[in-house]
Amino acid sequence: MPRPVRCRRIERLPVYRSFSPDDAEAAENVIMTVDEYEALRLLDGEGLTQGGCAARMNISRTTVTAIYDSARKKIADALVHGKRLLIAGGSFEYSAVVIAQSIIEKGRSTMRIAVTYENGEVFQHFGHSEHFKLYDVVDGKITAEQVVDTNGSGHGELAGFLKAAEADVLICGGIGRGAQMALEEAGIDYYAGVQGSADEAVKAFAAGTLEYDPDAHCDHHEHHEGDCGHEHCEDQHCQGHR
């Protein structure tokens, strides 16, 4: 029986998930896993040594070398042969996100709904959200509410922030495909394209009458098309996937 793959720690999920040549229609996809992306980000983006990268990802230097080499070969394949590069899947877990304020304790039977929040309304740009309002719902009734500050968390960190806040559902306005995939990987359901009062949106969701647009997106993000080749981590301790 093969040894289970050790989950790699991810600090920041990729916001941009799809890269294609402009001068030709890509006939094939190359799938780079999120942990391969993270190794590239740390080694080439931040200039860490392999030892530093290994410590940040909680893996060995040998594993860093292997996934980094794999990532570079995939980039070369996409560039040389004009393929679409997609970033998805892999064996990983989120780094713990520290939330600066205390969060209300969540009960066992509680559904926690997060809403992108500004001045009582559903904020329309997920990646720029400065606040979420958390609602605890039990048996269709709101039992607790709390506004939390995202502390400047960027696109690639907001899914981790919501996971740390124990959110089960997100209600928002526009949201890019990269952020959607990050939420899916965090096991958080999302309902986009919602406008108006945040309180009324949650009441409608609890009643099963929420109006939302599953195709709503932020125009400044990339759009993912086709099969992403999403893999699921086989390690039960890997929390990056459902």
# chains A, B, ... in the order shown; residues from 1 in each chain; ligands from 1
call {"tool": "residues_around", "arguments": {"residues": "A:Pro214", "least_positions_apart": "6", "cutoff": "9 Å", "atoms": "only C-alpha atoms", "output": "PyMOL selection string"}}
result
chain A and resi 190-193
call {"tool": "residues_around", "arguments": {"residues": "A:Leu40", "least_positions_apart": "4", "cutoff": "12 Å", "atoms": "only C-alpha atoms", "output": "number ranges by chain"}}
result
A: 10, 12, 14, 32-36, 44-50, 53-54, 57, 64-75
call {"tool": "closest_residue", "arguments": {"among": "A:Leu210, A:Ala144, A:Ala164, A:Ala78", "to": "A:Ala100", "atoms": "only C-alpha atoms"}}
result
A:Ala164
call {"tool": "select_by_dssp", "arguments": {"residues": "chain A", "states": "strand (DSSP E)", "output": "number ranges by chain"}}
result
A: 8-10, 18-19, 29-32, 84-87, 92-94, 111-118, 121-122, 131-138, 141-149, 169-171, 189-191
call {"tool": "closest_residue", "arguments": {"among": "A:Ala182, A:Asn151, A:Gly140, A:Glu166", "to": "A:Thr209", "atoms": "only C-alpha atoms"}}
result
A:Gly140
call {"tool": "atom_distance", "arguments": {"atom1": "atom CA of A:Lys83", "atom2": "atom CA of A:Glu25"}}
result
8.4 Å
call {"tool": "closest_residue", "arguments": {"among": "A:Asp77, A:Glu93, A:Asp168, A:Asp149", "to": "A:Arg112", "atoms": "only C-alpha atoms"}}
result
A:Asp168
call {"tool": "closest_residue", "arguments": {"among": "A:Val15, A:Ala198, A:Val97, A:Leu79", "to": "A:Ile113", "atoms": "only C-alpha atoms"}}
result
A:Ala198
call {"tool": "residues_around", "arguments": {"residues": "A:Ile99", "least_positions_apart": "3", "cutoff": "10 Å", "atoms": "only C-alpha atoms", "output": "NGL selection string"}}
result
:A and (96 or 102-103 or 148-151 or 161-162 or 164-165)
call {"tool": "write_last_selection", "arguments": {"atoms": "N, CA and C atoms", "output": "PDB file, in the first residue's frame"}}
result
ATOM      1  N   ALA A  96      -2.937  28.342   8.991  1.00  0.00           N
ATOM      2  CA  ALA A  96      -3.894  28.949   9.905  1.00  0.00           C
ATOM      3  C   ALA A  96      -3.916  30.457   9.690  1.00  0.00           C
ATOM      4  N   SER A 102     -12.095  38.558  18.375  1.00  0.00           N
ATOM      5  CA  SER A 102     -12.720  37.329  18.843  1.00  0.00           C
ATOM      6  C   SER A 102     -13.965  37.028  18.009  1.00  0.00           C
ATOM      7  N   ILE A 103     -14.137  35.751  17.681  1.00  0.00           N
ATOM      8  CA  ILE A 103     -15.296  35.315  16.914  1.00  0.00           C
ATOM      9  C   ILE A 103     -16.244  34.570  17.846  1.00  0.00           C
ATOM     10  N   VAL A 148     -16.990  41.367  11.167  1.00  0.00           N
ATOM     11  CA  VAL A 148     -15.556  41.131  11.378  1.00  0.00           C
ATOM     12  C   VAL A 148     -14.765  41.858  10.298  1.00  0.00           C
ATOM     13  N   ASP A 149     -13.583  42.341  10.678  1.00  0.00           N
ATOM     14  CA  ASP A 149     -12.684  43.057   9.786  1.00  0.00           C
ATOM     15  C   ASP A 149     -11.733  42.057   9.141  1.00  0.00           C
ATOM     16  N   THR A 150     -11.570  42.127   7.828  1.00  0.00           N
ATOM     17  CA  THR A 150     -10.679  41.183   7.139  1.00  0.00           C
ATOM     18  C   THR A 150      -9.203  41.549   7.295  1.00  0.00           C
ATOM     19  N   ASN A 151      -8.910  42.702   7.888  1.00  0.00           N
ATOM     20  CA  ASN A 151      -7.526  43.120   8.149  1.00  0.00           C
ATOM     21  C   ASN A 151      -6.684  43.171   6.883  1.00  0.00           C
ATOM     22  N   PHE A 161      -9.488  33.055   5.394  1.00  0.00           N
ATOM     23  CA  PHE A 161     -10.081  33.854   6.467  1.00  0.00           C
ATOM     24  C   PHE A 161     -11.467  33.313   6.827  1.00  0.00           C
ATOM     25  N   LEU A 162     -12.277  33.047   5.799  1.00  0.00           N
ATOM     26  CA  LEU A 162     -13.628  32.527   6.043  1.00  0.00           C
ATOM     27  C   LEU A 162     -13.589  31.135   6.661  1.00  0.00           C
ATOM     28  N   ALA A 164     -11.210  30.049   8.630  1.00  0.00           N
ATOM     29  CA  ALA A 164     -10.830  30.245  10.026  1.00  0.00           C
ATOM     30  C   ALA A 164     -12.006  30.751  10.854  1.00  0.00           C
ATOM     31  N   ALA A 165     -12.900  31.504  10.205  1.00  0.00           N
ATOM     32  CA  ALA A 165     -14.089  32.004  10.897  1.00  0.00           C
ATOM     33  C   ALA A 165     -15.200  30.950  10.966  1.00  0.00           C
TER      34      ALA A 165
END
call {"tool": "residues_around", "arguments": {"residues": "A:Gly120", "least_positions_apart": "5", "cutoff": "10 Å", "atoms": "only C-alpha atoms", "output": "list in words"}}
result
Lys133, Gly196, Ser197, Ala198, Asp199 and Glu200 of chain A
call {"tool": "closest_residue", "arguments": {"among": "A:Val80, A:Ala206, A:Val147, A:Ile171", "to": "A:Phe123", "atoms": "only C-alpha atoms"}}
result
A:Ile171
call {"tool": "select_by_dssp", "arguments": {"residues": "stretch 34-239 of chain A", "states": "alpha helix (DSSP H)", "output": "PyMOL selection string"}}
result
chain A and resi 34-40+50-57+61-81+155-164+177-186+198-207
call {"tool": "residues_around", "arguments": {"residues": "A:Asn58", "least_positions_apart": "2", "cutoff": "9 Å", "atoms": "only C-alpha atoms", "output": "list of chain:residue names"}}
result
A:Cys7, A:Arg8, A:Arg9, A:Cys53, A:Ala54, A:Ala55, A:Arg56, A:Ser60
call {"tool": "closest_residue", "arguments": {"among": "A:Gly208, A:Gly107, A:Gly90, A:Gly52", "to": "A:Thr143", "atoms": "only C-alpha atoms"}}
result
A:Gly107
